[in-house]
$ cat input35.cif   # mmCIF, C-alpha atoms and all ligand atoms
data_start
#
loop_
_atom_site.label_atom_id
_atom_site.label_comp_id
_atom_site.auth_asym_id
_atom_site.auth_seq_id
_atom_site.Cartn_x
_atom_site.Cartn_y
_atom_site.Cartn_z
CA MET A 1456 31.25 -33.76 -28.82
CA ASN A 1457 32.76 -30.65 -30.41
CA ASP A 1458 36.41 -30.56 -31.28
CA PHE A 1459 36.69 -26.84 -30.56
CA VAL A 1460 34.57 -24.35 -28.63
CA ILE A 1461 35.62 -20.73 -29.09
CA VAL A 1462 34.43 -18.12 -26.60
CA GLY A 1463 33.85 -14.76 -28.31
CA GLY A 1464 32.50 -13.77 -31.71
CA GLY A 1465 34.87 -10.86 -32.26
CA ILE A 1466 37.38 -10.89 -35.08
CA VAL A 1467 39.92 -13.00 -33.18
CA GLY A 1468 37.40 -15.73 -32.33
CA LEU A 1469 35.94 -15.80 -35.84
CA THR A 1470 39.29 -15.87 -37.66
CA THR A 1471 40.38 -18.66 -35.31
CA ALA A 1472 37.32 -20.68 -36.31
CA TRP A 1473 38.14 -19.91 -39.96
CA GLU A 1474 41.73 -21.11 -39.60
CA LEU A 1475 40.61 -24.25 -37.76
CA ILE A 1476 38.06 -25.23 -40.38
CA GLY A 1477 40.73 -24.68 -43.05
CA ARG A 1478 43.16 -27.00 -41.23
CA PHE A 1479 40.68 -29.59 -40.02
CA PRO A 1480 37.79 -29.66 -42.49
CA ALA A 1481 36.02 -32.47 -40.60
CA ALA A 1482 36.23 -30.74 -37.18
CA ARG A 1483 33.12 -29.67 -35.27
CA ILE A 1484 33.53 -26.04 -34.19
CA VAL A 1485 31.23 -23.79 -32.17
CA VAL A 1486 31.75 -20.08 -31.57
CA LEU A 1487 29.79 -18.81 -28.55
CA GLU A 1488 29.02 -15.09 -28.53
CA LYS A 1489 27.16 -13.50 -25.66
CA GLU A 1490 25.68 -10.63 -27.70
CA PRO A 1491 22.84 -10.99 -30.22
CA GLN A 1492 25.33 -10.43 -33.08
CA VAL A 1493 29.03 -10.80 -33.82
CA ALA A 1494 31.50 -7.87 -33.68
CA HIS A 1495 29.48 -6.12 -30.99
CA HIS A 1496 32.47 -4.82 -29.00
CA GLN A 1497 36.03 -3.90 -30.05
CA THR A 1498 35.71 -5.39 -33.53
CA GLY A 1499 32.73 -3.19 -34.32
CA HIS A 1500 34.03 -0.05 -32.61
CA ASN A 1501 37.48 0.70 -33.99
CA SER A 1502 39.24 2.92 -36.50
CA GLY A 1503 39.11 0.38 -39.30
CA VAL A 1504 42.78 0.77 -40.20
CA LEU A 1505 44.80 -1.96 -41.85
CA HIS A 1506 48.01 -1.22 -39.99
CA SER A 1507 51.29 -1.67 -41.84
CA GLY A 1508 53.32 -2.80 -38.81
CA ILE A 1509 55.56 0.26 -38.75
CA TYR A 1510 55.36 0.97 -35.00
CA TYR A 1511 56.15 -2.38 -33.42
CA ARG A 1512 59.41 -3.66 -31.97
CA PRO A 1513 61.15 -5.78 -34.59
CA GLY A 1514 60.88 -9.44 -33.66
CA SER A 1515 57.76 -8.91 -31.53
CA LEU A 1516 54.57 -10.85 -32.19
CA LYS A 1517 52.86 -7.56 -33.03
CA ALA A 1518 55.43 -6.79 -35.74
CA ARG A 1519 55.40 -10.27 -37.26
CA LEU A 1520 51.68 -11.00 -37.01
CA CYS A 1521 50.64 -7.53 -38.17
CA ARG A 1522 52.67 -7.90 -41.38
CA GLU A 1523 51.45 -11.39 -42.05
CA GLY A 1524 47.89 -10.65 -40.93
CA LYS A 1525 47.54 -7.57 -43.10
CA ALA A 1526 48.52 -9.49 -46.22
CA ARG A 1527 46.10 -12.27 -45.32
CA MET A 1528 43.31 -9.82 -44.48
CA GLU A 1529 43.69 -8.06 -47.83
CA ALA A 1530 43.61 -11.42 -49.63
CA PHE A 1531 40.52 -12.49 -47.66
CA CYS A 1532 38.71 -9.23 -48.46
CA ALA A 1533 39.65 -9.45 -52.13
CA GLU A 1534 38.45 -13.05 -52.37
CA HIS A 1535 35.19 -12.51 -50.50
CA SER A 1536 34.21 -9.07 -51.80
CA VAL A 1537 34.64 -7.14 -48.55
CA PRO A 1538 35.54 -3.56 -49.56
CA PHE A 1539 39.00 -2.37 -48.49
CA GLU A 1540 41.46 0.17 -49.77
CA ARG A 1541 45.23 0.69 -49.64
CA CYS A 1542 44.94 4.43 -49.22
CA GLY A 1543 48.26 5.21 -47.51
CA LYS A 1544 48.98 7.17 -44.37
CA VAL A 1545 51.26 9.89 -43.09
CA ILE A 1546 52.85 10.13 -39.63
CA VAL A 1547 53.56 13.80 -39.11
CA ALA A 1548 56.18 15.64 -37.05
CA VAL A 1549 54.93 19.13 -36.31
CA ASP A 1550 58.09 20.47 -34.68
CA GLU A 1551 61.81 19.75 -34.31
CA SER A 1552 61.35 17.96 -30.98
CA GLU A 1553 59.50 15.14 -32.78
CA LEU A 1554 62.09 14.47 -35.50
CA GLY A 1555 64.16 12.00 -33.47
CA ARG A 1556 61.09 9.90 -32.65
CA LEU A 1557 59.94 10.11 -36.28
CA ASP A 1558 63.28 8.65 -37.39
CA ASN A 1559 63.04 5.88 -34.80
CA ILE A 1560 59.67 4.89 -36.25
CA LEU A 1561 61.12 4.95 -39.77
CA GLU A 1562 63.93 2.64 -38.67
CA ARG A 1563 61.46 0.25 -37.05
CA GLY A 1564 59.30 0.27 -40.15
CA GLN A 1565 62.26 -0.53 -42.37
CA ALA A 1566 63.39 -3.29 -40.02
CA ASN A 1567 59.87 -4.74 -40.16
CA GLY A 1568 59.87 -4.70 -43.98
CA VAL A 1569 57.24 -1.95 -44.29
CA ASP A 1570 57.16 0.07 -47.49
CA CYS A 1571 57.70 3.58 -46.05
CA GLU A 1572 59.72 6.72 -46.74
CA ARG A 1573 60.66 9.98 -45.03
CA ILE A 1574 59.09 12.98 -46.82
CA GLY A 1575 59.41 16.74 -46.43
CA ARG A 1576 56.89 19.53 -46.11
CA GLU A 1577 56.24 19.84 -49.85
CA ARG A 1578 55.41 16.20 -50.48
CA LEU A 1579 53.28 16.18 -47.32
CA SER A 1580 51.20 19.05 -48.62
CA GLU A 1581 50.72 17.25 -51.94
CA LEU A 1582 49.43 14.19 -50.08
CA GLU A 1583 47.44 16.03 -47.41
CA PRO A 1584 47.01 19.70 -48.37
CA HIS A 1585 45.41 20.70 -45.06
CA CYS A 1586 47.96 19.04 -42.82
CA ALA A 1587 50.79 21.03 -41.24
CA GLY A 1588 54.12 19.43 -40.45
CA ILE A 1589 57.82 19.90 -40.95
CA ALA A 1590 58.46 16.27 -41.96
CA ALA A 1591 56.56 13.00 -42.15
CA ILE A 1592 56.71 9.34 -42.95
CA HIS A 1593 54.58 8.22 -45.85
CA VAL A 1594 53.31 4.64 -45.66
CA PRO A 1595 51.62 3.94 -49.00
CA GLU A 1596 50.57 0.40 -48.03
CA ALA A 1597 48.42 1.34 -44.98
CA GLY A 1598 44.76 0.77 -45.64
CA ILE A 1599 41.17 0.85 -44.43
CA VAL A 1600 38.40 -1.72 -44.06
CA SER A 1601 35.34 -2.34 -41.91
CA TYR A 1602 36.23 -5.09 -39.43
CA ARG A 1603 32.56 -5.43 -38.61
CA ALA A 1604 31.97 -6.31 -42.27
CA VAL A 1605 34.86 -8.81 -42.17
CA ALA A 1606 33.43 -10.43 -39.03
CA GLN A 1607 29.95 -10.64 -40.53
CA LYS A 1608 31.39 -12.22 -43.68
CA LEU A 1609 33.28 -14.80 -41.61
CA ALA A 1610 30.15 -15.65 -39.59
CA GLN A 1611 28.23 -16.10 -42.84
CA LEU A 1612 30.93 -18.25 -44.51
CA LEU A 1613 31.83 -20.50 -41.57
CA PRO A 1614 28.78 -22.81 -41.74
CA THR A 1615 29.33 -23.24 -45.49
CA ARG A 1616 32.83 -24.62 -44.94
CA GLY A 1617 32.04 -27.55 -42.68
CA GLU A 1618 30.69 -28.25 -39.23
CA ALA A 1619 31.26 -24.73 -37.90
CA ARG A 1620 28.59 -22.56 -36.38
CA VAL A 1621 28.23 -19.33 -34.47
CA VAL A 1622 25.73 -19.31 -31.59
CA THR A 1623 24.76 -15.79 -30.52
CA SER A 1624 23.16 -14.66 -27.24
CA ALA A 1625 25.25 -17.44 -25.65
CA ARG A 1626 27.11 -16.07 -22.64
CA VAL A 1627 29.63 -18.53 -21.31
CA THR A 1628 29.13 -18.82 -17.57
CA GLY A 1629 31.46 -21.63 -16.53
CA PHE A 1630 33.54 -24.67 -17.39
CA ARG A 1631 33.77 -28.09 -15.84
CA SER A 1632 35.89 -31.00 -16.75
CA ASP A 1633 34.28 -34.29 -17.79
CA GLY A 1634 36.94 -36.89 -18.45
CA SER A 1635 38.88 -35.88 -21.54
CA ALA A 1636 36.35 -33.15 -22.42
CA THR A 1637 35.49 -29.74 -21.04
CA VAL A 1638 31.83 -28.90 -20.62
CA VAL A 1639 31.19 -25.25 -21.43
CA ALA A 1640 28.10 -23.88 -19.70
CA SER A 1641 26.33 -21.03 -21.44
CA THR A 1642 23.01 -19.24 -21.50
CA GLN A 1643 22.18 -21.33 -24.59
CA GLY A 1644 22.94 -24.65 -22.94
CA GLU A 1645 26.01 -26.81 -22.51
CA PHE A 1646 28.64 -27.60 -25.15
CA GLU A 1647 31.25 -30.32 -24.80
CA ALA A 1648 34.68 -29.56 -26.20
CA ARG A 1649 38.00 -31.28 -26.67
CA GLN A 1650 39.67 -27.86 -26.77
CA VAL A 1651 38.43 -24.47 -25.58
CA ILE A 1652 39.83 -21.25 -27.03
CA ASN A 1653 39.06 -18.06 -25.15
CA CYS A 1654 38.88 -14.95 -27.36
CA GLY A 1655 36.79 -12.92 -24.93
CA GLY A 1656 38.26 -9.48 -25.64
CA LEU A 1657 37.27 -7.11 -22.83
CA GLN A 1658 36.24 -10.09 -20.66
CA THR A 1659 39.13 -12.37 -21.50
CA ASP A 1660 40.77 -12.32 -18.05
CA ARG A 1661 37.47 -13.26 -16.39
CA VAL A 1662 36.79 -16.05 -18.86
CA SER A 1663 40.35 -17.30 -18.31
CA ARG A 1664 39.86 -17.47 -14.57
CA LEU A 1665 36.53 -19.26 -15.05
CA GLY A 1666 38.47 -21.82 -17.08
CA GLY A 1667 41.16 -22.21 -14.42
CA VAL A 1668 43.88 -20.40 -16.39
CA ASP A 1669 45.60 -17.59 -14.53
CA PRO A 1670 45.84 -14.79 -17.09
CA GLY A 1671 48.72 -13.19 -15.15
CA ALA A 1672 47.31 -9.73 -15.92
CA ARG A 1673 44.02 -7.91 -15.69
CA ILE A 1674 42.11 -6.15 -18.43
CA VAL A 1675 41.92 -2.41 -17.87
CA PRO A 1676 39.41 -0.85 -20.25
CA PHE A 1677 40.33 2.40 -22.01
CA ARG A 1678 37.54 4.23 -23.81
CA GLY A 1679 38.49 5.83 -27.11
CA GLU A 1680 36.24 8.71 -28.05
CA TYR A 1681 35.85 10.08 -31.55
CA TYR A 1682 34.47 13.08 -33.31
CA GLU A 1683 33.70 12.99 -37.00
CA LEU A 1684 34.08 15.69 -39.62
CA VAL A 1685 30.76 17.05 -40.82
CA SER A 1686 30.26 15.94 -44.42
CA GLU A 1687 31.02 19.38 -45.96
CA GLN A 1688 34.49 19.31 -44.32
CA ARG A 1689 35.51 15.74 -45.14
CA HIS A 1690 37.81 17.03 -47.89
CA LEU A 1691 40.18 18.29 -45.16
CA CYS A 1692 41.53 14.75 -44.74
CA ARG A 1693 42.23 12.66 -47.81
CA ASN A 1694 43.38 9.47 -46.07
CA LEU A 1695 45.05 8.79 -42.72
CA ILE A 1696 46.90 11.50 -40.79
CA TYR A 1697 48.68 10.46 -37.56
CA PRO A 1698 50.85 12.33 -35.07
CA VAL A 1699 54.19 11.02 -33.82
CA PRO A 1700 53.13 8.82 -30.88
CA ASP A 1701 54.54 8.94 -27.38
CA PRO A 1702 56.60 5.73 -27.13
CA ALA A 1703 55.69 5.36 -23.43
CA PHE A 1704 52.10 4.46 -24.40
CA PRO A 1705 50.59 1.80 -26.61
CA PHE A 1706 48.08 4.31 -28.04
CA LEU A 1707 48.80 6.29 -31.17
CA GLY A 1708 47.50 9.77 -30.27
CA VAL A 1709 44.39 11.40 -31.76
CA HIS A 1710 44.44 11.21 -35.54
CA PHE A 1711 42.33 11.61 -38.66
CA THR A 1712 41.00 8.45 -40.26
CA ARG A 1713 39.04 8.20 -43.47
CA MET A 1714 36.69 5.27 -42.98
CA ILE A 1715 35.74 2.87 -45.75
CA ASP A 1716 32.22 4.40 -45.83
CA GLY A 1717 33.71 7.81 -46.70
CA SER A 1718 33.27 9.46 -43.29
CA VAL A 1719 36.31 10.91 -41.49
CA GLU A 1720 36.79 10.09 -37.81
CA CYS A 1721 38.98 12.12 -35.50
CA GLY A 1722 40.35 10.42 -32.39
CA PRO A 1723 40.46 8.24 -30.41
CA ASN A 1724 41.69 9.54 -27.07
CA ALA A 1725 42.29 7.02 -24.25
CA VAL A 1726 40.48 7.45 -20.93
CA LEU A 1727 39.90 4.91 -18.20
CA ALA A 1728 36.44 3.44 -18.85
CA PHE A 1729 34.25 2.96 -15.77
CA SER A 1730 32.52 0.11 -17.56
CA ARG A 1731 34.25 -2.49 -19.74
CA GLU A 1732 31.47 -2.37 -22.28
CA GLY A 1733 30.26 1.20 -21.67
CA TYR A 1734 30.41 3.45 -24.69
CA ARG A 1735 29.27 6.70 -23.10
CA MET A 1736 31.16 8.96 -20.75
CA GLY A 1737 28.57 8.37 -18.01
CA SER A 1738 28.53 4.56 -18.33
CA ILE A 1739 29.48 3.03 -15.00
CA ARG A 1740 29.47 -0.62 -13.98
CA LEU A 1741 30.41 -0.89 -10.35
CA ARG A 1742 32.08 -4.29 -10.64
CA ASP A 1743 34.28 -3.08 -13.52
CA LEU A 1744 35.17 0.18 -11.79
CA TRP A 1745 35.89 -1.54 -8.48
CA GLU A 1746 38.10 -4.16 -10.12
CA SER A 1747 40.11 -1.45 -11.90
CA ILE A 1748 40.62 0.92 -9.00
CA THR A 1749 41.47 -1.77 -6.46
CA TYR A 1750 43.94 -3.52 -8.79
CA SER A 1751 47.58 -2.98 -7.83
CA GLY A 1752 48.53 -2.92 -11.50
CA PHE A 1753 46.12 -0.11 -12.28
CA LEU A 1754 47.13 1.90 -9.20
CA ARG A 1755 50.82 1.67 -10.17
CA LEU A 1756 50.02 2.54 -13.77
CA ALA A 1757 47.94 5.53 -12.67
CA SER A 1758 50.58 6.83 -10.27
CA ARG A 1759 53.22 6.67 -13.02
CA HIS A 1760 51.14 8.27 -15.75
CA TRP A 1761 48.68 10.47 -13.88
CA ARG A 1762 49.68 13.58 -15.82
CA MET A 1763 48.99 11.94 -19.18
CA GLY A 1764 45.77 10.43 -17.76
CA MET A 1765 44.51 13.82 -16.60
CA GLY A 1766 45.24 15.30 -20.04
CA GLU A 1767 43.23 12.56 -21.71
CA LEU A 1768 40.40 13.00 -19.23
CA TRP A 1769 40.36 16.73 -19.86
CA ARG A 1770 40.16 16.12 -23.62
CA SER A 1771 37.22 13.84 -22.91
CA PHE A 1772 35.31 16.62 -21.11
CA SER A 1773 36.41 19.53 -23.24
CA LYS A 1774 35.79 19.59 -26.97
CA ALA A 1775 38.07 22.64 -27.17
CA ALA A 1776 40.97 20.61 -25.75
CA PHE A 1777 40.26 17.77 -28.19
CA VAL A 1778 40.21 20.23 -31.09
CA ARG A 1779 43.50 21.78 -29.90
CA ALA A 1780 45.19 18.36 -30.09
CA LEU A 1781 43.85 17.79 -33.61
CA ARG A 1782 44.76 21.31 -34.71
CA ARG A 1783 48.44 20.57 -34.22
CA LEU A 1784 48.06 18.42 -37.33
CA MET A 1785 45.45 20.54 -39.10
CA PRO A 1786 45.57 24.23 -38.14
CA SER A 1787 42.47 25.19 -40.18
CA LEU A 1788 40.23 22.84 -38.18
CA GLU A 1789 37.32 24.54 -36.37
CA ALA A 1790 35.29 23.07 -33.53
CA SER A 1791 32.15 23.54 -35.63
CA TYR A 1792 33.53 21.08 -38.22
CA LEU A 1793 33.27 18.24 -35.70
CA ARG A 1794 30.34 16.33 -34.27
CA PRO A 1795 30.55 13.54 -31.69
CA ALA A 1796 30.80 10.00 -33.07
CA ALA A 1797 30.52 6.55 -31.48
CA ALA A 1798 33.24 5.56 -29.03
CA GLY A 1799 35.10 2.26 -28.60
CA VAL A 1800 36.61 0.56 -25.55
CA ARG A 1801 40.07 -1.03 -25.78
CA ALA A 1802 40.98 -4.11 -23.78
CA GLN A 1803 44.49 -3.52 -22.47
CA ALA A 1804 46.09 -6.14 -20.23
CA VAL A 1805 48.01 -4.62 -17.31
CA GLU A 1806 50.42 -6.64 -15.18
CA PRO A 1807 50.30 -6.47 -11.36
CA ASP A 1808 53.43 -4.26 -11.38
CA GLY A 1809 51.60 -1.65 -13.47
CA ARG A 1810 53.21 -2.42 -16.83
CA MET A 1811 50.88 -2.47 -19.81
CA VAL A 1812 51.43 -5.72 -21.66
CA ASP A 1813 52.97 -4.49 -24.87
CA ASP A 1814 52.78 -7.55 -27.08
CA PHE A 1815 50.06 -10.03 -27.95
CA LEU A 1816 49.89 -12.60 -25.15
CA PHE A 1817 48.52 -16.14 -24.92
CA ARG A 1818 48.24 -18.45 -21.91
CA ASP A 1819 47.25 -22.07 -21.89
CA ARG A 1820 46.85 -25.32 -20.04
CA ALA A 1821 45.85 -28.66 -21.48
CA GLY A 1822 42.60 -28.22 -23.39
CA PHE A 1823 42.20 -24.47 -22.72
CA LEU A 1824 43.97 -21.63 -24.51
CA SER A 1825 43.39 -17.99 -23.66
CA VAL A 1826 44.14 -14.92 -25.73
CA VAL A 1827 45.09 -12.61 -22.86
CA ASN A 1828 46.17 -9.48 -24.73
CA ALA A 1829 44.98 -8.64 -28.24
CA PRO A 1830 44.86 -4.86 -28.53
CA SER A 1831 45.50 -2.90 -31.73
CA PRO A 1832 46.69 -4.02 -34.30
CA ALA A 1833 44.93 -7.30 -33.48
CA ALA A 1834 42.13 -6.67 -35.97
CA THR A 1835 44.66 -6.20 -38.77
CA ALA A 1836 46.66 -9.17 -37.49
CA SER A 1837 43.68 -11.42 -36.71
CA LEU A 1838 44.17 -13.99 -39.46
CA ALA A 1839 47.82 -14.38 -38.40
CA ILE A 1840 46.88 -14.47 -34.70
CA ALA A 1841 44.50 -17.28 -35.63
CA ARG A 1842 47.35 -19.18 -37.28
CA GLU A 1843 49.53 -18.59 -34.22
CA ILE A 1844 46.78 -19.91 -31.94
CA CYS A 1845 46.33 -23.05 -34.04
CA ASP A 1846 50.10 -23.65 -34.09
CA ARG A 1847 50.08 -23.59 -30.29
CA LEU A 1848 47.36 -26.21 -29.94
CA PRO A 1849 48.47 -29.73 -28.99
C1 LIG B 1901 38.89 2.60 -30.31
C2 LIG B 1901 39.63 1.47 -30.95
C3 LIG B 1901 40.32 1.64 -32.16
C4 LIG B 1901 41.02 0.57 -32.72
N1 LIG B 1901 41.56 0.72 -33.98
C5 LIG B 1901 42.10 -0.37 -34.60
C6 LIG B 1901 42.54 -0.29 -35.94
O1 LIG B 1901 42.37 0.73 -36.61
N2 LIG B 1901 43.15 -1.38 -36.50
C7 LIG B 1901 43.33 -2.54 -35.78
O2 LIG B 1901 43.92 -3.47 -36.31
N3 LIG B 1901 42.88 -2.65 -34.51
C8 LIG B 1901 42.25 -1.60 -33.92
N4 LIG B 1901 41.75 -1.72 -32.66
C9 LIG B 1901 41.92 -2.98 -31.93
C10 LIG B 1901 40.95 -4.05 -32.42
O3 LIG B 1901 39.64 -3.54 -32.55
C11 LIG B 1901 40.97 -5.19 -31.39
O4 LIG B 1901 42.31 -5.54 -31.16
C12 LIG B 1901 40.22 -6.43 -31.91
O5 LIG B 1901 38.94 -6.06 -32.35
C13 LIG B 1901 40.15 -7.47 -30.83
O6 LIG B 1901 39.27 -8.47 -31.26
P1 LIG B 1901 38.72 -9.55 -30.24
O7 LIG B 1901 37.97 -10.55 -31.03
O8 LIG B 1901 39.86 -10.01 -29.39
O9 LIG B 1901 37.80 -8.74 -29.23
P2 LIG B 1901 36.23 -8.27 -29.36
O10 LIG B 1901 35.94 -7.72 -30.70
O11 LIG B 1901 36.01 -7.40 -28.20
O12 LIG B 1901 35.47 -9.63 -29.23
C14 LIG B 1901 35.38 -10.36 -28.02
C15 LIG B 1901 33.99 -10.99 -28.01
O13 LIG B 1901 33.89 -11.87 -26.91
C16 LIG B 1901 32.56 -11.82 -26.44
N5 LIG B 1901 32.52 -12.35 -25.08
C17 LIG B 1901 33.14 -11.85 -23.97
N6 LIG B 1901 32.84 -12.60 -22.89
C18 LIG B 1901 32.04 -13.61 -23.31
C19 LIG B 1901 31.40 -14.70 -22.66
N7 LIG B 1901 31.51 -14.90 -21.33
N8 LIG B 1901 30.63 -15.53 -23.40
C20 LIG B 1901 30.50 -15.36 -24.74
N9 LIG B 1901 31.07 -14.32 -25.41
C21 LIG B 1901 31.83 -13.46 -24.71
C22 LIG B 1901 32.22 -10.35 -26.52
O14 LIG B 1901 30.83 -10.09 -26.52
C23 LIG B 1901 32.90 -9.96 -27.83
O15 LIG B 1901 32.02 -10.01 -28.93
C24 LIG B 1901 41.05 -0.68 -32.06
C25 LIG B 1901 40.34 -0.86 -30.87
C26 LIG B 1901 39.60 0.17 -30.34
C27 LIG B 1901 38.77 -0.08 -29.12
#
$ encode --input "input35.cif" --output "C-alpha cells"
Amino acid sequence: MNDFVIVGGGIVGLTTAWELIGRFPAARIVVLEKEPQVAHHQTGHNSGVLHSGIYYRPGSLKARLCREGKARMEAFCAEHSVPFERCGKVIVAVDESELGRLDNILERGQANGVDCERIGRERLSELEPHCAGIAAIHVPEAGIVSYRAVAQKLAQLLPTRGEARVVTSARVTGFRSDGSATVVASTQGEFEARQVINCGGLQTDRVSRLGGVDPGARIVPFRGEYYELVSEQRHLCRNLIYPVPDPAFPFLGVHFTRMIDGSVECGPNAVLAFSREGYRMGSIRLRDLWESITYSGFLRLASRHWRMGMGELWRSFSKAAFVRALRRLMPSLEASYLRPAAAGVRAQAVEPDGRMVDDFLFRDRAGFLSVVNAPSPAATASLAIAREICDRLP
C-alpha cells in the first residue's frame, strides 16, 4: 500500500512529492503522470519567471506562497545546480493614464515585502535602453529559471530520497474506495493509496470529479502565444520588461522575457483555447470546446469581457496587432525581428457565476485533496504550495 499517490507530474505534483518525502522519509509515494515525461504541459510551456510577488493582494495565498516559494525555489536551484538568475524586471507605464495603477502595484509590492522602487525615465533607460516609458517600477529580485529543468531535477532526485517514484505514461482513469484505502486505476495498473493528491493542472477539475470531490469551478483553458526575438535583436531586451497590467484580469499583458537559455520571448497573449492541451491555433478537441462553451461560468465571463477577448483573438490572428502591443513598450521593434515561438495553455478555474478564481484554491474530502486552481505564479510558488498542501493533510 502506498501512503500517497499524486496525480500529475507537473511542478506542483513533483514539489508535493518532494515535500512529503522530506517530512515522512519512510513514506511510499507514487507520482502518476499521463505523458511519457514530466513537465509536459504548463510546467514546460511557461515564461520561466521567478515572480517576486508584487502583483498579488496582500494576505492572499498567492502573495504569501509566491514570496515563500520563490525563496525556496532559489535555494533548491542553488543546492541542486539548476541554473537561475536574479536578473530584475521593470513594470513600465507608457502614459499618464497608467501612473495610478503603477502606484497601486508599488503599494502592493511594498505591503508584500518585495524589494521594489519607483524609477523615472532616465533610470529606466539605463536599465532597458530600448524601452520607452514615463515611469516604472524596478524589481531587482525578480528572476528567471527553467521550470522544466526544475521538474526534471525533482523527478531524478525523488527516488534517491526514499520510497518515491514517478511513473510516466500512467493516465489516471478512476478511483474506487477499498476500506481505508483508495484504489487509483491507471493505464499502468492499479495503485492503492492512503491519501490521493490531485495536481492535474489543465485536467484537475475532471480528476477531482472522478475522485468524488466537487471542484466548485471548471477549468477554462487560455492559450498564451509567444514570438521570440531573432538572435541578432536579442540585445533589445536585457531582462524582463512588463506593461502595467489591467487589474480586471489575472494575466499580465504581453511582455518581454529573457529566458535562462538566452533567448527573448515576447508574449503571452490570452485566447480561449479550443483544446485544453492544444498548442496550435487550429488545435480543437470537441469535448474541451463543448465543455467550455456550454458552461454557464464561461458564458458569463465571455459576455462581461467580450471586448477584451476579441482584442486578444485579433492579436492571435494578426502579427501586426501583436507587434503594436509590444511596440508600446519598445517603439523600435519591427515585425521582422520576431518569429513565432511555442505556445502554452493556462489552466484558469472559473466559477459558475463567471468569476475567474483569483487565488490558489484547494478542495478536499477524507483521503483526497485536489489543487483546483494553480495558475501563475504557481511555478514560482510551487515549493510553498507543496508545504501548504502537506499542512492541510490529516
Ligand atoms: C503561458 C504561461 C506562462 C506562465 N508563466 C509563468 C511564469 O513565468 N512564472 C510562474 O511562476 N508561473 C507561470 N505560469 C504558470 C505555471 O506554469 C503553472 O502555474 C504551473 O506550471 C502549474 O503546475 P501544475 O503542476 O499545477 O500543472 P501542469 O504543469 O500542467 O502539470 C499537471 C500534470 O498533470 C498531468 N495529468 C493531468 N491529468 C492526468 C491524469 N488523469 N493522469 C495522470 N496525469 C495527469 C498532466 O499531464 C500534467 O503533466 C505560466 C503558465 C503558462 C501557461
$ axis_aligned_box --input "input35.cif" --around "ligand LIG 1901 (chain B)" --padding-each-side "6 Å" --output "AutoDock Vina command-line options"
--center_x 37.2 --center_y -6.5 --center_z -29.0 --size_x 25.4 --size_y 30.1 --size_z 27.3
$ residues_near_ligand --input "input35.cif" --ligand "ligand LIG 1901 (chain B)" --cutoff "7 Å" --atoms "all atoms listed in the file" --output "MDAnalysis selection string"
chainID A and resid 1462:1468 1487:1490 1493:1506 1625:1628 1654:1659 1662 1678:1679 1723 1798:1801 1829:1836
$ closest_atom_pairs --input "input35.cif" --of "segment 1541-1601 of chain A" --to "segment 1697-1716 of chain A" --cutoff "8 Å" --atoms "all atoms listed in the file" --output "JSON lines"
{"residue": "A:Lys1544", "atom": "CA", "partner": "A:Tyr1697", "partner_atom": "CA", "distance": 7.6}
{"residue": "A:Val1545", "atom": "CA", "partner": "A:Tyr1697", "partner_atom": "CA", "distance": 6.1}
{"residue": "A:Ile1546", "atom": "CA", "partner": "A:Tyr1697", "partner_atom": "CA", "distance": 4.7}
{"residue": "A:Val1547", "atom": "CA", "partner": "A:Pro1698", "partner_atom": "CA", "distance": 5.1}
{"residue": "A:Ala1548", "atom": "CA", "partner": "A:Val1699", "partner_atom": "CA", "distance": 6.0}
{"residue": "A:Glu1553", "atom": "CA", "partner": "A:Val1699", "partner_atom": "CA", "distance": 6.8}
{"residue": "A:Arg1556", "atom": "CA", "partner": "A:Val1699", "partner_atom": "CA", "distance": 7.1}
{"residue": "A:Leu1557", "atom": "CA", "partner": "A:Val1699", "partner_atom": "CA", "distance": 6.3}
{"residue": "A:Ile1599", "atom": "CA", "partner": "A:Ile1715", "partner_atom": "CA", "distance": 5.9}
{"residue": "A:Val1600", "atom": "CA", "partner": "A:Ile1715", "partner_atom": "CA", "distance": 5.6}
{"residue": "A:Ser1601", "atom": "CA", "partner": "A:Ile1715", "partner_atom": "CA", "distance": 6.5}
$ closest_residue --input "input35.cif" --among "A:Val1685, A:Met1765, A:Leu1781, A:Ala1839" --to "His1585 of chain A" --atoms "all atoms listed in the file"
A:Leu1781
$ atom_distance --input "input35.cif" --atom1 "atom CA of Glu1720 of chain A" --atom2 "atom CA of Leu1684 of chain A"
6.5 Å
$ closest_residue --input "input35.cif" --among "A:Gly1764, A:Gly1617, A:Gly1722, A:Gly1667" --to "Arg1478 of chain A" --atoms "only C-alpha atoms"
A:Gly1617
$ atom_distance --input "input35.cif" --atom1 "atom CA of Ala1797 of chain A" --atom2 "atom CA of Gly1717 of chain A"
15.6 Å
$ atom_distance --input "input35.cif" --atom1 "atom CA of Leu1848 of chain A" --atom2 "atom CA of Val1826 of chain A"
12.5 Å
$ closest_residue --input "input35.cif" --among "A:Arg1810, A:Ser1825, A:Glu1581, A:Leu1816" --to "Arg1693 of chain A" --atoms "only C-alpha atoms"
A:Glu1581
$ residues_around --input "input35.cif" --residues "Pro1584 of chain A" --least-positions-apart "2" --cutoff "12 Å" --atoms "all atoms listed in the file" --output "list in words"
Val1545, Arg1576, Glu1577, Arg1578, Leu1579, Ser1580, Glu1581, Leu1582, Cys1586, Ala1587, Gly1588, His1690, Leu1691, Cys1692, Arg1693, Asn1694, Ile1696, Leu1784, Met1785, Pro1786 and Ser1787 of chain A
$ residues_around --input "input35.cif" --residues "segment 1560-1569 of chain A" --least-positions-apart "2" --cutoff "12 Å" --atoms "only C-alpha atoms" --output "JSON, numbers by chain"
{"A": [1506, 1507, 1508, 1509, 1510, 1511, 1512, 1513, 1514, 1515, 1516, 1517, 1518, 1519, 1520, 1521, 1522, 1523, 1525, 1526, 1543, 1545, 1546, 1547, 1548, 1553, 1554, 1555, 1556, 1557, 1558, 1571, 1572, 1573, 1574, 1590, 1591, 1592, 1593, 1594, 1595, 1596, 1597, 1698, 1699, 1700, 1701, 1702]}
